file final-v6.pdb (PDB, C-alpha atoms)
ATOM      1  CA  MET A 255      -5.149 -29.871  22.135  1.00  0.00           C
ATOM      2  CA  SER A 256      -7.030 -29.243  18.929  1.00  0.00           C
ATOM      3  CA  LYS A 257      -6.140 -26.486  16.485  1.00  0.00           C
ATOM      4  CA  VAL A 258      -9.052 -24.305  15.467  1.00  0.00           C
ATOM      5  CA  ALA A 259      -8.841 -21.526  12.879  1.00  0.00           C
ATOM      6  CA  VAL A 260     -11.249 -18.787  11.879  1.00  0.00           C
ATOM      7  CA  TYR A 261     -12.023 -18.007   8.248  1.00  0.00           C
ATOM      8  CA  PRO A 262     -13.734 -14.601   8.179  1.00  0.00           C
ATOM      9  CA  GLY A 263     -15.493 -13.012   5.244  1.00  0.00           C
ATOM     10  CA  THR A 264     -18.647 -11.416   3.980  1.00  0.00           C
ATOM     11  CA  PHE A 265     -19.520 -14.404   1.766  1.00  0.00           C
ATOM     12  CA  ASP A 266     -21.945 -12.350  -0.345  1.00  0.00           C
ATOM     13  CA  PRO A 267     -22.468 -15.019  -1.690  1.00  0.00           C
ATOM     14  CA  ILE A 268     -20.139 -17.888  -0.816  1.00  0.00           C
ATOM     15  CA  THR A 269     -18.318 -19.019  -3.965  1.00  0.00           C
ATOM     16  CA  ASN A 270     -16.450 -22.092  -5.148  1.00  0.00           C
ATOM     17  CA  GLY A 271     -13.279 -20.131  -4.332  1.00  0.00           C
ATOM     18  CA  HIS A 272     -14.379 -19.758  -0.703  1.00  0.00           C
ATOM     19  CA  LEU A 273     -15.284 -23.436  -0.557  1.00  0.00           C
ATOM     20  CA  ASP A 274     -11.858 -24.313  -1.976  1.00  0.00           C
ATOM     21  CA  ILE A 275     -10.177 -22.365   0.863  1.00  0.00           C
ATOM     22  CA  ILE A 276     -12.456 -24.042   3.447  1.00  0.00           C
ATOM     23  CA  GLU A 277     -11.550 -27.501   2.141  1.00  0.00           C
ATOM     24  CA  ARG A 278      -7.821 -26.657   2.137  1.00  0.00           C
ATOM     25  CA  ALA A 279      -7.969 -25.188   5.651  1.00  0.00           C
ATOM     26  CA  CYS A 280      -9.668 -28.353   6.912  1.00  0.00           C
ATOM     27  CA  LYS A 281      -6.586 -30.317   5.851  1.00  0.00           C
ATOM     28  CA  LEU A 282      -4.516 -28.149   8.201  1.00  0.00           C
ATOM     29  CA  PHE A 283      -6.766 -27.752  11.239  1.00  0.00           C
ATOM     30  CA  ASP A 284      -8.980 -29.885  13.459  1.00  0.00           C
ATOM     31  CA  GLY A 285     -11.738 -27.297  13.338  1.00  0.00           C
ATOM     32  CA  LEU A 286     -12.690 -24.282  11.288  1.00  0.00           C
ATOM     33  CA  ILE A 287     -15.017 -21.474  12.276  1.00  0.00           C
ATOM     34  CA  ILE A 288     -16.477 -19.639   9.323  1.00  0.00           C
ATOM     35  CA  ALA A 289     -17.173 -16.130  10.553  1.00  0.00           C
ATOM     36  CA  VAL A 290     -19.742 -14.344   8.400  1.00  0.00           C
ATOM     37  CA  ALA A 291     -19.334 -10.582   8.768  1.00  0.00           C
ATOM     38  CA  ARG A 292     -22.327  -8.282   8.937  1.00  0.00           C
ATOM     39  CA  SER A 293     -20.339  -5.802   6.762  1.00  0.00           C
ATOM     40  CA  SER A 294     -23.035  -3.160   6.476  1.00  0.00           C
ATOM     41  CA  ARG A 295     -20.437  -0.746   5.017  1.00  0.00           C
ATOM     42  CA  LYS A 296     -20.113  -3.099   2.021  1.00  0.00           C
ATOM     43  CA  ASN A 297     -23.884  -2.955   1.452  1.00  0.00           C
ATOM     44  CA  PRO A 298     -24.276  -6.724   0.856  1.00  0.00           C
ATOM     45  CA  LEU A 299     -26.771  -8.013  -1.685  1.00  0.00           C
ATOM     46  CA  PHE A 300     -27.866 -10.780   0.693  1.00  0.00           C
ATOM     47  CA  SER A 301     -28.894 -10.402   4.337  1.00  0.00           C
ATOM     48  CA  LEU A 302     -26.661 -11.758   7.077  1.00  0.00           C
ATOM     49  CA  ASP A 303     -29.101 -14.621   7.693  1.00  0.00           C
ATOM     50  CA  GLU A 304     -29.149 -15.498   3.977  1.00  0.00           C
ATOM     51  CA  ARG A 305     -25.349 -15.509   3.808  1.00  0.00           C
ATOM     52  CA  VAL A 306     -25.084 -17.752   6.875  1.00  0.00           C
ATOM     53  CA  LYS A 307     -27.669 -20.093   5.307  1.00  0.00           C
ATOM     54  CA  MET A 308     -25.738 -20.232   2.016  1.00  0.00           C
ATOM     55  CA  VAL A 309     -22.507 -21.088   3.864  1.00  0.00           C
ATOM     56  CA  HIS A 310     -24.321 -23.929   5.654  1.00  0.00           C
ATOM     57  CA  LEU A 311     -25.671 -25.191   2.305  1.00  0.00           C
ATOM     58  CA  ALA A 312     -22.213 -25.096   0.691  1.00  0.00           C
ATOM     59  CA  ILE A 313     -20.607 -26.982   3.587  1.00  0.00           C
ATOM     60  CA  LYS A 314     -23.329 -29.611   3.549  1.00  0.00           C
ATOM     61  CA  GLU A 315     -22.868 -30.089  -0.214  1.00  0.00           C
ATOM     62  CA  SER A 316     -19.076 -30.478  -0.074  1.00  0.00           C
ATOM     63  CA  GLN A 317     -17.615 -33.980  -0.013  1.00  0.00           C
ATOM     64  CA  ASN A 318     -14.103 -32.684   0.784  1.00  0.00           C
ATOM     65  CA  ILE A 319     -14.456 -31.165   4.242  1.00  0.00           C
ATOM     66  CA  SER A 320     -12.360 -33.186   6.640  1.00  0.00           C
ATOM     67  CA  CYS A 321     -12.667 -31.178   9.857  1.00  0.00           C
ATOM     68  CA  GLN A 322     -15.383 -29.909  12.138  1.00  0.00           C
ATOM     69  CA  VAL A 323     -16.857 -26.691  10.703  1.00  0.00           C
ATOM     70  CA  LYS A 324     -19.018 -24.186  12.539  1.00  0.00           C
ATOM     71  CA  VAL A 325     -20.623 -21.083  11.048  1.00  0.00           C
ATOM     72  CA  TYR A 326     -21.251 -17.946  13.080  1.00  0.00           C
ATOM     73  CA  PRO A 327     -22.282 -14.416  12.165  1.00  0.00           C
ATOM     74  CA  PHE A 328     -20.235 -11.625  13.732  1.00  0.00           C
ATOM     75  CA  GLU A 329     -20.152  -7.841  13.787  1.00  0.00           C
ATOM     76  CA  ASN A 330     -17.235  -6.981  16.059  1.00  0.00           C
ATOM     77  CA  LEU A 331     -13.543  -6.866  15.179  1.00  0.00           C
ATOM     78  CA  ILE A 332     -12.297 -10.215  13.880  1.00  0.00           C
ATOM     79  CA  ALA A 333      -9.399 -10.084  16.378  1.00  0.00           C
ATOM     80  CA  GLU A 334     -11.956  -9.908  19.202  1.00  0.00           C
ATOM     81  CA  PHE A 335     -14.175 -12.570  17.634  1.00  0.00           C
ATOM     82  CA  ALA A 336     -11.208 -14.968  17.334  1.00  0.00           C
ATOM     83  CA  LYS A 337     -10.328 -14.385  20.995  1.00  0.00           C
ATOM     84  CA  GLU A 338     -13.966 -15.084  21.994  1.00  0.00           C
ATOM     85  CA  GLN A 339     -13.796 -18.362  20.053  1.00  0.00           C
ATOM     86  CA  GLN A 340     -10.400 -19.224  21.599  1.00  0.00           C
ATOM     87  CA  ALA A 341      -8.880 -19.401  18.123  1.00  0.00           C
ATOM     88  CA  LYS A 342      -5.376 -18.142  17.481  1.00  0.00           C
ATOM     89  CA  ILE A 343      -5.268 -18.504  13.712  1.00  0.00           C
ATOM     90  CA  LEU A 344      -7.034 -16.602  10.944  1.00  0.00           C
ATOM     91  CA  VAL A 345      -7.273 -18.070   7.457  1.00  0.00           C
ATOM     92  CA  ARG A 346      -7.389 -15.698   4.512  1.00  0.00           C
ATOM     93  CA  GLY A 347      -7.494 -16.400   0.808  1.00  0.00           C
ATOM     94  CA  LEU A 348      -5.196 -14.770  -1.724  1.00  0.00           C
ATOM     95  CA  ARG A 349      -6.277 -14.855  -5.357  1.00  0.00           C
ATOM     96  CA  ALA A 350      -3.742 -12.453  -6.822  1.00  0.00           C
ATOM     97  CA  VAL A 351      -0.904 -10.133  -5.905  1.00  0.00           C
ATOM     98  CA  SER A 352      -3.447  -7.308  -5.705  1.00  0.00           C
ATOM     99  CA  ASP A 353      -5.019  -9.043  -2.658  1.00  0.00           C
ATOM    100  CA  PHE A 354      -1.690  -9.305  -0.845  1.00  0.00           C
ATOM    101  CA  GLU A 355      -1.132  -5.677   0.188  1.00  0.00           C
ATOM    102  CA  TYR A 356      -4.606  -5.327   1.709  1.00  0.00           C
ATOM    103  CA  GLU A 357      -4.393  -8.709   3.451  1.00  0.00           C
ATOM    104  CA  LEU A 358      -0.912  -7.956   4.802  1.00  0.00           C
ATOM    105  CA  GLN A 359      -2.145  -4.686   6.330  1.00  0.00           C
ATOM    106  CA  MET A 360      -5.168  -6.438   7.845  1.00  0.00           C
ATOM    107  CA  GLY A 361      -2.943  -9.203   9.225  1.00  0.00           C
ATOM    108  CA  TYR A 362      -0.696  -6.648  10.944  1.00  0.00           C
ATOM    109  CA  ALA A 363      -3.690  -4.707  12.275  1.00  0.00           C
ATOM    110  CA  ASN A 364      -5.259  -7.876  13.685  1.00  0.00           C
ATOM    111  CA  ALA A 365      -1.945  -8.903  15.285  1.00  0.00           C
ATOM    112  CA  SER A 366      -1.717  -5.468  16.930  1.00  0.00           C
ATOM    113  CA  LEU A 367      -5.172  -6.022  18.454  1.00  0.00           C
ATOM    114  CA  ASN A 368      -4.566  -9.630  19.495  1.00  0.00           C
ATOM    115  CA  ARG A 369      -0.895 -10.578  19.925  1.00  0.00           C
ATOM    116  CA  GLU A 370      -1.726 -14.296  19.992  1.00  0.00           C
ATOM    117  CA  LEU A 371      -3.389 -14.157  16.578  1.00  0.00           C
ATOM    118  CA  GLU A 372      -1.551 -15.446  13.508  1.00  0.00           C
ATOM    119  CA  THR A 373      -2.822 -15.085   9.955  1.00  0.00           C
ATOM    120  CA  ILE A 374      -2.121 -17.691   7.306  1.00  0.00           C
ATOM    121  CA  TYR A 375      -2.813 -17.170   3.628  1.00  0.00           C
ATOM    122  CA  LEU A 376      -4.066 -19.876   1.303  1.00  0.00           C
ATOM    123  CA  MET A 377      -4.359 -19.696  -2.454  1.00  0.00           C
ATOM    124  CA  PRO A 378      -7.356 -21.262  -4.162  1.00  0.00           C
ATOM    125  CA  SER A 379      -6.758 -23.759  -6.922  1.00  0.00           C
ATOM    126  CA  LEU A 380      -6.107 -22.263 -10.345  1.00  0.00           C
ATOM    127  CA  GLN A 381      -9.661 -22.933 -11.605  1.00  0.00           C
ATOM    128  CA  ASN A 382     -11.063 -20.851  -8.715  1.00  0.00           C
ATOM    129  CA  ALA A 383      -8.452 -18.090  -8.649  1.00  0.00           C
ATOM    130  CA  PHE A 384     -10.555 -15.582 -10.624  1.00  0.00           C
ATOM    131  CA  ILE A 385     -13.772 -16.064  -8.646  1.00  0.00           C
ATOM    132  CA  SER A 386     -14.876 -13.391  -6.211  1.00  0.00           C
ATOM    133  CA  SER A 387     -18.216 -12.568  -4.673  1.00  0.00           C
ATOM    134  CA  THR A 388     -18.072  -9.233  -6.504  1.00  0.00           C
ATOM    135  CA  VAL A 389     -17.787 -11.028  -9.854  1.00  0.00           C
ATOM    136  CA  VAL A 390     -20.643 -13.378  -8.932  1.00  0.00           C
ATOM    137  CA  ARG A 391     -22.908 -10.480  -7.867  1.00  0.00           C
ATOM    138  CA  SER A 392     -22.154  -8.577 -11.058  1.00  0.00           C
ATOM    139  CA  ILE A 393     -22.931 -11.575 -13.263  1.00  0.00           C
ATOM    140  CA  LEU A 394     -26.028 -12.328 -11.216  1.00  0.00           C
ATOM    141  CA  LEU A 395     -27.349  -8.778 -11.430  1.00  0.00           C
ATOM    142  CA  HIS A 396     -26.862  -8.781 -15.202  1.00  0.00           C
ATOM    143  CA  GLY A 397     -28.747 -12.042 -15.657  1.00  0.00           C
ATOM    144  CA  GLY A 398     -25.693 -14.202 -16.379  1.00  0.00           C
ATOM    145  CA  GLU A 399     -25.058 -17.817 -15.436  1.00  0.00           C
ATOM    146  CA  ILE A 400     -23.323 -18.430 -12.081  1.00  0.00           C
ATOM    147  CA  ALA A 401     -23.628 -22.220 -11.791  1.00  0.00           C
ATOM    148  CA  HIS A 402     -19.896 -22.696 -12.412  1.00  0.00           C
ATOM    149  CA  LEU A 403     -18.952 -20.099  -9.774  1.00  0.00           C
ATOM    150  CA  VAL A 404     -20.947 -21.156  -6.705  1.00  0.00           C
ATOM    151  CA  PRO A 405     -21.938 -24.502  -5.169  1.00  0.00           C
ATOM    152  CA  PHE A 406     -25.107 -25.908  -6.788  1.00  0.00           C
ATOM    153  CA  SER A 407     -27.085 -25.660  -3.547  1.00  0.00           C
ATOM    154  CA  VAL A 408     -26.170 -21.971  -3.308  1.00  0.00           C
ATOM    155  CA  LYS A 409     -27.240 -21.302  -6.899  1.00  0.00           C
ATOM    156  CA  ASP A 410     -30.574 -23.015  -6.186  1.00  0.00           C
ATOM    157  CA  TYR A 411     -31.012 -20.990  -2.994  1.00  0.00           C
ATOM    158  CA  ILE A 412     -30.279 -17.731  -4.830  1.00  0.00           C
ATOM    159  CA  MET A 413     -32.758 -18.593  -7.576  1.00  0.00           C
ATOM    160  CA  GLU A 414     -35.458 -19.271  -4.977  1.00  0.00           C
ATOM    161  CA  SER A 415     -34.682 -16.204  -2.841  1.00  0.00           C
ATOM    162  CA  ASN A 416     -36.401 -12.844  -2.968  1.00  0.00           C
ATOM    163  CA  VAL A 417     -33.305 -11.268  -4.520  1.00  0.00           C
ATOM    164  CA  CYS A 418     -34.203 -12.975  -7.796  1.00  0.00           C
ATOM    165  CA  ASP A 419     -37.376 -10.887  -8.011  1.00  0.00           C
ATOM    166  CA  SER A 420     -35.216  -7.847  -8.771  1.00  0.00           C
ATOM    167  CA  LEU A 421     -33.002  -9.609 -11.319  1.00  0.00           C
ATOM    168  CA  PRO A 422     -33.342  -9.239 -15.072  1.00  0.00           C
ATOM    169  CA  LYS A 423     -35.633 -11.720 -16.780  1.00  0.00           C
ATOM    170  CA  GLY A 424     -33.991 -14.866 -18.098  1.00  0.00           C
ATOM    171  CA  PHE A 425     -31.848 -15.571 -15.031  1.00  0.00           C
TER     172      PHE A 425
END
call {"tool": "encode", "arguments": {"input": "final-v6.pdb", "output": "structure tokens"}}
result
Amino acid sequence: MSKVAVYPGTFDPITNGHLDIIERACKLFDGLIIAVARSSRKNPLFSLDERVKMVHLAIKESQNISCQVKVYPFENLIAEFAKEQQAKILVRGLRAVSDFEYELQMGYANASLNRELETIYLMPSLQNAFISSTVVRSILLHGGEIAHLVPFSVKDYIMESNVCDSLPKGF
């Protein structure tokens, strides 16, 4: 019986920190489902289709993924999505203590909705601990360099996308 986990997130955009968690999770599981949330309440910079595409690009670029990875968009509760995928484990990343309280509450809420669901928390490596999609979007929208924060294929995709038309000159 293979162990499959779900790594949910908005991935707006996917970062090197996300990729770090994906690579670490692949060392623990036979398969990993990356669940890209619609998250309309977060008002994402990139469309759901663009975010799914960027996740695919990042996975393809990585040389350190050692399990089968699938990418799916979702818009229902993650506890329901995991049950639909027959996965009993959620993977979540923790960058700092400030993430822990929110993630702990979400873990308990998800367990109350799906009693078979366990949540495990992985820390990114130290060099990726400060990276968040929020930081990347802020730097991007102010015309800063993001090449060290996202996979190269994702940076190239962002530069070629329509979102760059609204960015400051010099990006």
call {"tool": "closest_residue", "arguments": {"input": "final-v6.pdb", "among": "A:Ile288, A:Ile275, A:Ile313, A:Leu282", "to": "Ala336 in chain A", "atoms": "only C-alpha atoms"}}
result
A:Ile288
call {"tool": "closest_residue", "arguments": {"input": "final-v6.pdb", "among": "A:Asn297, A:Val260, A:Val306, A:Asp266", "to": "Tyr375 in chain A", "atoms": "only C-alpha atoms"}}
result
A:Val260
call {"tool": "residues_around", "arguments": {"input": "final-v6.pdb", "residues": "range 339-349 of chain A", "least_positions_apart": "5", "cutoff": "7 Å", "atoms": "all atoms listed in the file", "output": "ChimeraX atom specification"}}
result
/A:258-261,275,354,370-378,383-384
call {"tool": "resolve_selection", "arguments": {"input": "final-v6.pdb", "expression": "the PyMOL selection byres ((chain A and resi 400) around 12)", "output": "number ranges by chain"}}
result
A: 267-270, 385-399, 401-410, 412-413, 425
call {"tool": "resolve_selection", "arguments": {"input": "final-v6.pdb", "expression": "the PyMOL selection byres ((chain A and resi 304) around 12)", "output": "ChimeraX atom specification"}}
result
/A:264-268,290-292,298-303,305-311,327,408,411-412,414-417
call {"tool": "residues_around", "arguments": {"input": "final-v6.pdb", "residues": "range 360-367 of chain A", "least_positions_apart": "6", "cutoff": "8 Å", "atoms": "all atoms listed in the file", "output": "list in words"}}
result
Ile332, Ala333, Glu334 and Thr373 of chain A
call {"tool": "atom_distance", "arguments": {"input": "final-v6.pdb", "atom1": "CA of Glu277 in chain A", "atom2": "CA of Phe328 in chain A"}}
result
21.5 Å
call {"tool": "axis_aligned_box", "arguments": {"input": "final-v6.pdb", "around": "range 267-277 of chain A", "padding_each_side": "8 Å", "output": "JSON"}}
result
{"center_x": -16.3, "center_y": -21.3, "center_z": -0.9, "size_x": 28.3, "size_y": 28.5, "size_z": 24.6}
call {"tool": "atom_distance", "arguments": {"input": "final-v6.pdb", "atom1": "CA of Ser293 in chain A", "atom2": "CA of Tyr356 in chain A"}}
result
16.5 Å
call {"tool": "resolve_selection", "arguments": {"input": "final-v6.pdb", "expression": "the PyMOL selection byres ((chain A and resi 322) around 10)", "output": "list in words"}}
result
Val258, Cys280, Phe283, Asp284, Gly285, Leu286, Ile287, Ile319, Ser320, Cys321, Val323 and Lys324 of chain A
call {"tool": "atom_distance", "arguments": {"input": "final-v6.pdb", "atom1": "CA of Asn330 in chain A", "atom2": "CA of Lys257 in chain A"}}
result
22.4 Å
call {"tool": "closest_residue", "arguments": {"input": "final-v6.pdb", "among": "A:Ile276, A:Ser256, A:Ser352, A:Asn318", "to": "Ala289 in chain A", "atoms": "all atoms listed in the file"}}
result
A:Ile276
call {"tool": "closest_residue", "arguments": {"input": "final-v6.pdb", "among": "A:Ser294, A:Leu331, A:Ala350, A:Lys314", "to": "Pro262 in chain A", "atoms": "only C-alpha atoms"}}
result
A:Leu331
